[in-house]
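Remarks on the structure that follows.
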Amino acid sequence: MHSASPQARKGAEPSRWYLIQSKPRQGDRAEENLSNQGFQCFFPQVDVQALVGQRQVTRREPLFPGYLFIQLSEVADNWLPIRSTRGVQRLVTFADKPLPVADTIINAIRDRLAEPGSPRMLFQPGDKVRITEGAFANVEAIFERFNGEERVVLLMNLLHKTQQVCFPLRSVTRID
């Protein structure tokens with residue numbers, strides 16, 4: 001367990017949220033190990049649709065990949081056990097000092113995640129996409145809708161006219 005400073009034990013300094021950078025793809029591990037040490041953490045995650053093989057699946061992914069929040073009362077006293085925690089890379093600092101994250105930001109993130117809704121879709125209507133294989137490889141189009149689990153309908157400009165064309169889901173990627 002971590003030990004609080006004498007000031008923190010007297011309640012002189014309230015707990016504040018800080019940002020932790022986790023090691024690549026180890027946010028879950030960092031959260032679990034910090035929680036096991038008695039730290040309060042917040043690792044926001046969302047449901048997203050992804051393409052696995054040729055199937056569309058829903059999975060949980062971090063809202064901020066590589067980052068999680070930790071609540072501390074005295075950063076200097078708590079940093080030593082945090083730094084050596086598996087999955088943690090560093091406490092995020094500005095000008096070599098940890099900067100607290102406002103409670104209003106944490107509460108807004110929690111409120112947004114608590115809203116009912118469907119998973120973040122792999123594609124949204126209007127997204128620009130690129131066809132990755134076949135006769136139309138490297139052609140850009142506009143995503144219109146899903147057509148079953150493994151096909152999509154795209155809008156393409158063919159012969160100076162917008163046409164709806166159906167493609168396998170695996171052959172389409174979003175243009176960021």
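Identifiers in this document derive from the order of the structure tokens: chains are assigned A, B, ..., residues are numbered from 1 separately in each chain, and ligands are numbered from 1 in order of occurrence.
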Practice prompt. Pull the helix (DSSP H, G or I) assignments for chain A out of DSSP run on the backbone, and list those residues as a ChimeraX atom specification.
Written response: /A:6-10,27-36,75-83,103-114,169-171
Return as a short mmCIF file (atom, residue, chain, number, x, y, z; two decimals) with N, CA, C and O atoms, in the first residue's frame the full set of residues in segment 33-173 of chain A whose backbone-based DSSP assignment is strand (DSSP E or B).
```cif
data_model
loop_
_atom_site.label_atom_id
_atom_site.label_comp_id
_atom_site.auth_asym_id
_atom_site.auth_seq_id
_atom_site.Cartn_x
_atom_site.Cartn_y
_atom_site.Cartn_z
N GLN A 40 -6.97 5.20 -6.52
CA GLN A 40 -8.21 5.30 -7.28
C GLN A 40 -7.84 5.72 -8.70
O GLN A 40 -7.18 6.74 -8.90
N CYS A 41 -8.25 4.91 -9.68
CA CYS A 41 -7.92 5.16 -11.09
C CYS A 41 -9.19 5.29 -11.90
O CYS A 41 -10.25 4.79 -11.51
N PHE A 42 -9.06 5.92 -13.04
CA PHE A 42 -10.15 6.04 -14.00
C PHE A 42 -9.55 5.81 -15.38
O PHE A 42 -8.72 6.59 -15.84
N GLN A 45 -13.18 3.71 -21.11
CA GLN A 45 -13.21 2.82 -22.27
C GLN A 45 -14.57 2.92 -22.95
O GLN A 45 -15.57 3.23 -22.30
N VAL A 46 -14.58 2.66 -24.24
CA VAL A 46 -15.81 2.70 -25.02
C VAL A 46 -15.94 1.41 -25.84
O VAL A 46 -14.95 0.75 -26.12
N ASP A 47 -17.17 1.09 -26.20
CA ASP A 47 -17.41 -0.04 -27.10
C ASP A 47 -17.27 0.47 -28.53
O ASP A 47 -17.85 1.51 -28.88
N VAL A 48 -16.50 -0.23 -29.32
CA VAL A 48 -16.32 0.14 -30.73
C VAL A 48 -16.52 -1.09 -31.60
O VAL A 48 -16.28 -2.21 -31.15
N GLN A 49 -16.95 -0.86 -32.80
CA GLN A 49 -17.06 -1.96 -33.75
C GLN A 49 -15.76 -2.02 -34.52
O GLN A 49 -15.21 -0.98 -34.93
N ALA A 50 -15.26 -3.22 -34.70
CA ALA A 50 -14.00 -3.42 -35.42
C ALA A 50 -14.14 -4.60 -36.36
O ALA A 50 -15.04 -5.42 -36.22
N LEU A 51 -13.24 -4.65 -37.29
CA LEU A 51 -13.21 -5.73 -38.26
C LEU A 51 -12.17 -6.74 -37.82
O LEU A 51 -11.00 -6.42 -37.69
N VAL A 52 -12.60 -7.97 -37.53
CA VAL A 52 -11.69 -9.05 -37.14
C VAL A 52 -11.88 -10.15 -38.17
O VAL A 52 -12.94 -10.77 -38.24
N ARG A 55 -15.30 -10.55 -40.10
CA ARG A 55 -16.49 -10.31 -39.29
C ARG A 55 -16.37 -9.00 -38.53
O ARG A 55 -15.31 -8.62 -38.07
N GLN A 56 -17.49 -8.36 -38.35
CA GLN A 56 -17.56 -7.13 -37.57
C GLN A 56 -17.88 -7.53 -36.13
O GLN A 56 -18.85 -8.26 -35.89
N VAL A 57 -17.06 -7.10 -35.17
CA VAL A 57 -17.26 -7.43 -33.77
C VAL A 57 -17.25 -6.15 -32.94
O VAL A 57 -16.71 -5.13 -33.36
N THR A 58 -17.84 -6.23 -31.75
CA THR A 58 -17.82 -5.11 -30.81
C THR A 58 -16.82 -5.46 -29.71
O THR A 58 -16.84 -6.56 -29.17
N ARG A 59 -15.93 -4.50 -29.42
CA ARG A 59 -14.96 -4.72 -28.34
C ARG A 59 -14.74 -3.42 -27.59
O ARG A 59 -15.05 -2.34 -28.08
N ARG A 60 -14.21 -3.54 -26.37
CA ARG A 60 -13.92 -2.37 -25.53
C ARG A 60 -12.52 -1.87 -25.85
O ARG A 60 -11.58 -2.65 -25.92
N GLU A 61 -12.41 -0.57 -26.04
CA GLU A 61 -11.13 0.05 -26.31
C GLU A 61 -11.00 1.30 -25.46
O GLU A 61 -12.00 1.94 -25.12
N PRO A 62 -9.77 1.67 -25.13
CA PRO A 62 -9.58 2.89 -24.34
C PRO A 62 -10.04 4.13 -25.11
O PRO A 62 -9.83 4.24 -26.31
N TYR A 67 -3.32 6.28 -21.96
CA TYR A 67 -3.45 7.19 -20.82
C TYR A 67 -4.57 6.76 -19.88
O TYR A 67 -5.58 6.21 -20.32
N LEU A 68 -4.39 7.02 -18.60
CA LEU A 68 -5.42 6.83 -17.60
C LEU A 68 -5.25 7.90 -16.54
O LEU A 68 -4.22 8.58 -16.48
N PHE A 69 -6.25 8.07 -15.71
CA PHE A 69 -6.23 9.09 -14.67
C PHE A 69 -6.04 8.42 -13.32
O PHE A 69 -6.51 7.30 -13.10
N ILE A 70 -5.36 9.12 -12.41
CA ILE A 70 -5.15 8.63 -11.05
C ILE A 70 -5.42 9.76 -10.09
O ILE A 70 -5.12 10.92 -10.38
N GLN A 71 -6.04 9.42 -8.95
CA GLN A 71 -6.35 10.44 -7.95
C GLN A 71 -5.31 10.37 -6.84
O GLN A 71 -5.08 9.30 -6.26
N LEU A 72 -4.67 11.51 -6.58
CA LEU A 72 -3.62 11.58 -5.58
C LEU A 72 -3.83 12.81 -4.70
O LEU A 72 -4.33 13.83 -5.16
N VAL A 88 2.89 1.08 -16.03
CA VAL A 88 2.99 2.54 -15.98
C VAL A 88 4.30 2.99 -16.62
O VAL A 88 5.36 2.44 -16.33
N GLN A 89 4.21 3.99 -17.49
CA GLN A 89 5.41 4.56 -18.08
C GLN A 89 5.85 5.80 -17.30
O GLN A 89 6.99 5.91 -16.91
N ARG A 90 4.89 6.73 -17.09
CA ARG A 90 5.25 7.96 -16.36
C ARG A 90 4.02 8.74 -15.96
O ARG A 90 2.94 8.54 -16.51
N LEU A 91 4.21 9.64 -15.02
CA LEU A 91 3.21 10.62 -14.67
C LEU A 91 3.41 11.78 -15.64
O LEU A 91 4.54 12.25 -15.82
N THR A 93 3.77 15.33 -17.02
CA THR A 93 4.14 16.60 -16.40
C THR A 93 4.24 17.69 -17.46
O THR A 93 4.41 17.43 -18.64
N PHE A 94 4.16 18.92 -16.98
CA PHE A 94 4.38 20.11 -17.80
C PHE A 94 5.39 20.96 -17.06
O PHE A 94 5.19 21.27 -15.89
N LYS A 97 6.50 19.48 -13.77
CA LYS A 97 5.57 19.43 -12.64
C LYS A 97 4.27 18.79 -13.10
O LYS A 97 3.74 19.12 -14.17
N PRO A 98 3.74 17.86 -12.29
CA PRO A 98 2.44 17.27 -12.65
C PRO A 98 1.36 18.34 -12.56
O PRO A 98 1.34 19.14 -11.64
N VAL A 101 -5.74 17.51 -13.31
CA VAL A 101 -6.84 17.55 -14.28
C VAL A 101 -8.08 17.97 -13.49
O VAL A 101 -8.37 17.40 -12.43
N ARG A 120 -19.51 2.75 -30.85
CA ARG A 120 -18.99 3.61 -31.90
C ARG A 120 -18.80 2.73 -33.13
O ARG A 120 -18.11 1.72 -33.09
N LYS A 128 -15.33 9.24 -45.46
CA LYS A 128 -14.54 8.97 -46.66
C LYS A 128 -13.82 7.65 -46.45
O LYS A 128 -13.24 7.41 -45.39
N VAL A 129 -13.88 6.79 -47.46
CA VAL A 129 -13.24 5.48 -47.39
C VAL A 129 -12.42 5.23 -48.65
O VAL A 129 -12.59 5.92 -49.65
N ARG A 130 -11.54 4.26 -48.55
CA ARG A 130 -10.74 3.84 -49.71
C ARG A 130 -10.96 2.35 -49.91
O ARG A 130 -10.94 1.57 -48.95
N ILE A 131 -11.15 1.95 -51.14
CA ILE A 131 -11.29 0.54 -51.47
C ILE A 131 -9.87 -0.02 -51.57
O ILE A 131 -9.00 0.59 -52.18
N GLU A 140 -11.34 6.22 -53.94
CA GLU A 140 -12.03 6.77 -52.78
C GLU A 140 -13.52 6.78 -53.03
O GLU A 140 -13.98 6.93 -54.16
N ALA A 141 -14.27 6.63 -51.93
CA ALA A 141 -15.73 6.63 -52.01
C ALA A 141 -16.28 7.19 -50.70
O ALA A 141 -15.52 7.51 -49.79
N ILE A 142 -17.59 7.26 -50.60
CA ILE A 142 -18.27 7.72 -49.39
C ILE A 142 -19.08 6.55 -48.83
O ILE A 142 -19.85 5.92 -49.56
N PHE A 143 -18.89 6.27 -47.53
CA PHE A 143 -19.65 5.20 -46.89
C PHE A 143 -21.10 5.65 -46.76
O PHE A 143 -21.38 6.75 -46.28
N GLU A 144 -22.02 4.78 -47.18
CA GLU A 144 -23.44 5.10 -47.05
C GLU A 144 -24.09 4.28 -45.94
O GLU A 144 -24.76 4.82 -45.08
N ARG A 145 -23.88 2.94 -45.96
CA ARG A 145 -24.53 2.10 -44.95
C ARG A 145 -23.96 0.68 -44.99
O ARG A 145 -23.27 0.31 -45.94
N PHE A 146 -24.26 -0.07 -43.94
CA PHE A 146 -23.91 -1.49 -43.92
C PHE A 146 -25.00 -2.26 -44.65
O PHE A 146 -26.17 -1.87 -44.63
N ARG A 151 -20.91 -6.76 -45.65
CA ARG A 151 -20.89 -5.95 -46.87
C ARG A 151 -21.26 -4.51 -46.52
O ARG A 151 -21.96 -4.26 -45.55
N VAL A 152 -20.78 -3.59 -47.36
CA VAL A 152 -21.10 -2.17 -47.20
C VAL A 152 -21.57 -1.60 -48.52
O VAL A 152 -21.21 -2.10 -49.59
N VAL A 153 -22.37 -0.54 -48.43
CA VAL A 153 -22.81 0.19 -49.61
C VAL A 153 -22.05 1.50 -49.62
O VAL A 153 -22.07 2.26 -48.64
N LEU A 154 -21.37 1.77 -50.74
CA LEU A 154 -20.59 2.99 -50.89
C LEU A 154 -21.17 3.83 -52.02
O LEU A 154 -21.79 3.30 -52.95
N LEU A 155 -20.96 5.13 -51.92
CA LEU A 155 -21.32 6.04 -52.99
C LEU A 155 -20.06 6.36 -53.77
O LEU A 155 -19.06 6.80 -53.19
N MET A 156 -20.11 6.10 -55.07
CA MET A 156 -18.95 6.34 -55.93
C MET A 156 -19.38 7.16 -57.13
O MET A 156 -20.51 7.04 -57.60
N ASN A 157 -18.46 7.97 -57.63
CA ASN A 157 -18.72 8.75 -58.83
C ASN A 157 -18.26 7.92 -60.02
O ASN A 157 -17.06 7.78 -60.27
N LEU A 158 -19.21 7.35 -60.73
CA LEU A 158 -18.92 6.52 -61.91
C LEU A 158 -19.61 7.13 -63.12
O LEU A 158 -20.82 7.38 -63.10
N LYS A 161 -21.66 10.28 -62.53
CA LYS A 161 -22.93 10.14 -61.81
C LYS A 161 -22.66 9.38 -60.51
O LYS A 161 -21.86 8.43 -60.50
N THR A 162 -23.29 9.78 -59.43
CA THR A 162 -23.12 9.09 -58.15
C THR A 162 -23.90 7.78 -58.17
O THR A 162 -25.10 7.77 -58.46
N GLN A 163 -23.18 6.69 -57.89
CA GLN A 163 -23.78 5.36 -57.92
C GLN A 163 -23.61 4.69 -56.56
O GLN A 163 -22.59 4.88 -55.89
N GLN A 164 -24.57 3.87 -56.16
CA GLN A 164 -24.42 3.02 -54.98
C GLN A 164 -23.79 1.72 -55.42
O GLN A 164 -24.28 1.07 -56.34
N VAL A 165 -22.68 1.33 -54.75
CA VAL A 165 -21.98 0.10 -55.10
C VAL A 165 -21.73 -0.67 -53.81
O VAL A 165 -21.35 -0.11 -52.79
N CYS A 166 -21.93 -1.98 -53.88
CA CYS A 166 -21.76 -2.85 -52.72
C CYS A 166 -20.38 -3.51 -52.76
O CYS A 166 -19.94 -3.97 -53.82
N PHE A 167 -19.68 -3.53 -51.60
CA PHE A 167 -18.35 -4.13 -51.49
C PHE A 167 -18.26 -4.97 -50.23
O PHE A 167 -18.98 -4.71 -49.25
N PRO A 168 -17.35 -5.93 -50.21
CA PRO A 168 -17.10 -6.66 -48.97
C PRO A 168 -16.51 -5.70 -47.93
O PRO A 168 -15.69 -4.83 -48.26
N VAL A 172 -12.56 -2.39 -47.49
CA VAL A 172 -12.77 -0.96 -47.32
C VAL A 172 -12.07 -0.48 -46.06
O VAL A 172 -12.12 -1.15 -45.02
N THR A 173 -11.40 0.67 -46.14
CA THR A 173 -10.76 1.26 -44.97
C THR A 173 -11.09 2.74 -44.92
O THR A 173 -11.28 3.38 -45.97
#
```
Fill in: Nearest to Leu63 of chain A by atom-to-atom distance, counting only C-alpha atoms, from A:Ile82, A:Leu113, A:Leu169, A:Met121
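Under the stated criterion, the closest residue is A:Leu113.
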Discussion item. Show me, as JSON, numbers by chain, the residues that have an atom within 10 Å of Arg29 of chain A when counting only C-alpha atoms, minus same-chain residues fewer than 5 positions from it.
Written reply: {"A": [22, 23, 34, 35, 85, 86, 87, 88]}
Could you dump the residues just selected with N, CA and C atoms as a compact mmCIF listing (two decimals), in the first residue's frame?
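The resulting file, selection38.txt, is reproduced below:
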```
# COMPACT_ATOMS: atom_id res chain seq x y z
N SER A 22 0.57 5.16 -19.79
CA SER A 22 0.87 3.73 -19.62
C SER A 22 1.85 3.30 -20.69
N LYS A 23 2.43 2.16 -20.48
CA LYS A 23 3.27 1.57 -21.53
C LYS A 23 2.34 1.17 -22.67
N LEU A 34 -2.27 -0.45 -10.22
CA LEU A 34 -2.43 0.74 -9.38
C LEU A 34 -3.59 0.56 -8.40
N SER A 35 -4.69 -0.01 -8.87
CA SER A 35 -5.84 -0.27 -8.00
C SER A 35 -5.47 -1.25 -6.89
N THR A 85 5.30 0.76 -10.91
CA THR A 85 4.15 -0.11 -11.13
C THR A 85 4.18 -0.66 -12.55
N ARG A 86 3.94 -1.97 -12.68
CA ARG A 86 3.90 -2.60 -14.00
C ARG A 86 2.79 -1.98 -14.85
N GLY A 87 3.16 -1.66 -16.08
CA GLY A 87 2.21 -1.06 -17.01
C GLY A 87 2.29 0.46 -17.06
N VAL A 88 2.89 1.08 -16.03
CA VAL A 88 2.99 2.54 -15.98
C VAL A 88 4.30 2.99 -16.62
```
Item to complete: Find the residue from A:Gly66, A:Pro14, A:Gly53, A:Pro116 that sits nearest to Asp103 of chain A; use only C-alpha atoms when measuring.
Response: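 Among A:Gly66, A:Pro14, A:Gly53, A:Pro116, it is A:Pro14 that comes nearest to Asp103 of chain A.
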Item to complete: Measure the distance from atom CA of Asn147 of chain A to atom CA of Arg174 of chain A in Å and round it to one decimal.
Response: 16.8 Å
Discussion item. I'd like the interatomic distance between atom CA of Asp111 of chain A and atom CA of Ser15 of chain A, to a tenth of an Å.
Written reply: 20.2 Å
Item to complete: State, in Å with one decimal place, the distance from atom CA of Ile105 of chain A to atom CA of Pro65 of chain A.
Response: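 Value for the atom CA of Ile105 of chain A-atom CA of Pro65 of chain A distance: 17.1 Å.
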